[in-house]
Amino acid sequence: MSIFKKAKKENKDLPKTDIPRASASSQRASTLLIRQPWITEKATDLGAFRKYIFVVDKKANKSEVKKSIESIYNVKVEDINIINIKGKAKRLGRSLGKTSSIKKAVATLRKGEKIDIMPT
């Protein structure tokens with residue numbers, strides 16, 4: 001058994017540096033998390049209640065979405081709700097298909113804050 005033992009390498013001359021590594025959330029650009037605003041009649045009516053809906057990356061979480069919206073639109077976000085929507089099964093003749101799954105985020109802004117998604 002002593003034949004297979006590996007010799008330990010010792011690097012005493014190299015200094016050990018504790019470099020803090022950036023987390024995965026800070027490495028991703030905030031503009032990549034927010035895909036697009038969700039513009040429907042119901043979503044635009046929610047603007048009166050300071051709620052705005054965005055399509056976000058499938059791997060994004062609430063805190064990442066909150067930071068992204070605050071940095072892109074320069075507003076203060078009070079609350080974030082996340083909705084996962086499964087893709088629907090569709091048929092085209094005899095072939096079966098499926099629409100893409102999406103993740104939506106509903107951002108509630110603080111009082112007095114407003115996002116102009118659809119300029120009039």
# chains A, B, ... in the order shown; residues from 1 in each chain; ligands from 1

$ residues_around --residues "A:Ile83" --least-positions-apart "6" --cutoff "7 Å" --atoms "only C-alpha atoms" --output "VMD selection string"
chain A and resid 103 to 105

$ residues_around --residues "A:Ile85" --least-positions-apart "3" --cutoff "12 Å" --atoms "only C-alpha atoms" --output "list in words"
Val55, Val56, Lys58, Ile82, Lys88, Thr99, Ser100, Ser101, Ile102, Lys103, Lys104 and Ala105 of chain A

$ write_last_selection --atoms "N, CA and C atoms" --output "PDB file, in the first residue's frame"
ATOM      1  N   VAL A  55     -41.262  40.104 -16.717  1.00  0.00           N
ATOM      2  CA  VAL A  55     -40.808  38.744 -17.010  1.00  0.00           C
ATOM      3  C   VAL A  55     -39.338  38.711 -16.625  1.00  0.00           C
ATOM      4  N   VAL A  56     -38.963  37.741 -15.781  1.00  0.00           N
ATOM      5  CA  VAL A  56     -37.592  37.677 -15.270  1.00  0.00           C
ATOM      6  C   VAL A  56     -36.948  36.349 -15.630  1.00  0.00           C
ATOM      7  N   LYS A  58     -35.401  32.691 -15.234  1.00  0.00           N
ATOM      8  CA  LYS A  58     -35.948  31.559 -14.475  1.00  0.00           C
ATOM      9  C   LYS A  58     -35.162  31.260 -13.210  1.00  0.00           C
ATOM     10  N   ILE A  82     -43.220  36.460  -6.731  1.00  0.00           N
ATOM     11  CA  ILE A  82     -42.742  35.692  -7.878  1.00  0.00           C
ATOM     12  C   ILE A  82     -43.805  34.674  -8.282  1.00  0.00           C
ATOM     13  N   LYS A  88     -47.664  25.590 -21.724  1.00  0.00           N
ATOM     14  CA  LYS A  88     -48.870  24.846 -22.089  1.00  0.00           C
ATOM     15  C   LYS A  88     -48.573  23.879 -23.240  1.00  0.00           C
ATOM     16  N   THR A  99     -45.372  25.329 -25.184  1.00  0.00           N
ATOM     17  CA  THR A  99     -44.901  26.702 -25.101  1.00  0.00           C
ATOM     18  C   THR A  99     -43.877  26.812 -23.970  1.00  0.00           C
ATOM     19  N   SER A 100     -43.095  27.844 -23.985  1.00  0.00           N
ATOM     20  CA  SER A 100     -42.041  28.019 -22.988  1.00  0.00           C
ATOM     21  C   SER A 100     -42.621  28.384 -21.629  1.00  0.00           C
ATOM     22  N   SER A 101     -41.981  27.918 -20.579  1.00  0.00           N
ATOM     23  CA  SER A 101     -42.331  28.323 -19.227  1.00  0.00           C
ATOM     24  C   SER A 101     -41.697  29.683 -18.956  1.00  0.00           C
ATOM     25  N   ILE A 102     -42.367  30.498 -18.140  1.00  0.00           N
ATOM     26  CA  ILE A 102     -41.824  31.803 -17.800  1.00  0.00           C
ATOM     27  C   ILE A 102     -41.936  32.043 -16.304  1.00  0.00           C
ATOM     28  N   LYS A 103     -41.194  33.009 -15.832  1.00  0.00           N
ATOM     29  CA  LYS A 103     -41.253  33.440 -14.441  1.00  0.00           C
ATOM     30  C   LYS A 103     -41.570  34.921 -14.452  1.00  0.00           C
ATOM     31  N   LYS A 104     -42.613  35.294 -13.684  1.00  0.00           N
ATOM     32  CA  LYS A 104     -43.012  36.696 -13.605  1.00  0.00           C
ATOM     33  C   LYS A 104     -42.749  37.208 -12.193  1.00  0.00           C
ATOM     34  N   ALA A 105     -42.442  38.486 -12.105  1.00  0.00           N
ATOM     35  CA  ALA A 105     -42.244  39.135 -10.818  1.00  0.00           C
ATOM     36  C   ALA A 105     -43.186  40.321 -10.732  1.00  0.00           C
TER      37      ALA A 105
END

$ residues_around --residues "A:Val65" --least-positions-apart "6" --cutoff "10 Å" --atoms "only C-alpha atoms" --output "JSON, numbers by chain"
{"A": [25, 30, 31, 33, 34, 54, 56, 57, 71, 77, 80, 81, 82, 105, 106, 107]}

$ write_last_selection --atoms "N, CA and C atoms" --output "short mmCIF file (atom, residue, chain, number, x, y, z; two decimals), in the first residue's frame"
data_model
loop_
_atom_site.label_atom_id
_atom_site.label_comp_id
_atom_site.auth_asym_id
_atom_site.auth_seq_id
_atom_site.Cartn_x
_atom_site.Cartn_y
_atom_site.Cartn_z
N SER A 25 -25.06 36.07 -7.56
CA SER A 25 -26.04 37.11 -7.83
C SER A 25 -25.39 38.42 -8.22
N SER A 30 -27.66 43.14 -13.85
CA SER A 30 -29.04 43.35 -13.47
C SER A 30 -29.95 43.46 -14.69
N THR A 31 -29.40 43.91 -15.81
CA THR A 31 -30.24 44.03 -17.01
C THR A 31 -30.58 42.67 -17.60
N LEU A 33 -31.37 40.01 -15.76
CA LEU A 33 -32.39 39.38 -14.94
C LEU A 33 -33.79 39.78 -15.39
N ILE A 34 -33.98 41.05 -15.69
CA ILE A 34 -35.28 41.56 -16.12
C ILE A 34 -35.36 41.42 -17.64
N PHE A 54 -43.07 42.13 -14.38
CA PHE A 54 -41.93 41.94 -15.27
C PHE A 54 -41.71 40.46 -15.51
N VAL A 56 -38.96 37.74 -15.78
CA VAL A 56 -37.59 37.68 -15.27
C VAL A 56 -36.95 36.35 -15.63
N ASP A 57 -35.65 36.26 -15.40
CA ASP A 57 -34.90 35.04 -15.64
C ASP A 57 -35.42 33.92 -14.74
N SER A 71 -32.17 49.39 -9.48
CA SER A 71 -31.05 49.99 -10.20
C SER A 71 -31.44 50.45 -11.61
N VAL A 77 -38.38 49.65 -4.17
CA VAL A 77 -39.33 48.55 -4.23
C VAL A 77 -39.68 48.13 -2.80
N ILE A 80 -41.79 42.16 -3.46
CA ILE A 80 -41.70 41.38 -4.70
C ILE A 80 -42.45 40.08 -4.51
N ASN A 81 -43.30 39.74 -5.47
CA ASN A 81 -43.96 38.43 -5.52
C ASN A 81 -43.54 37.75 -6.81
N ILE A 82 -43.22 36.46 -6.73
CA ILE A 82 -42.74 35.69 -7.88
C ILE A 82 -43.80 34.67 -8.28
N ALA A 105 -42.44 38.49 -12.10
CA ALA A 105 -42.24 39.14 -10.82
C ALA A 105 -43.19 40.32 -10.73
N VAL A 106 -43.95 40.40 -9.63
CA VAL A 106 -44.84 41.53 -9.39
C VAL A 106 -44.14 42.41 -8.36
N ALA A 107 -43.76 43.63 -8.77
CA ALA A 107 -43.05 44.56 -7.90
C ALA A 107 -44.02 45.60 -7.37
#

$ residues_around --residues "stretch 43-47 of chain A" --least-positions-apart "5" --cutoff "10 Å" --atoms "only C-alpha atoms" --output "list in words"
Pro37, Trp38, Tyr52, Ile53, Phe54, Val106, Thr108, Leu109, Lys114, Ile115, Asp116, Ile117 and Met118 of chain A

$ select_by_dssp --residues "stretch 13-110 of chain A" --states "strand (DSSP E)" --output "number ranges by chain"
A: 34-37, 51-56, 77-85, 89-92, 95-98, 102-109
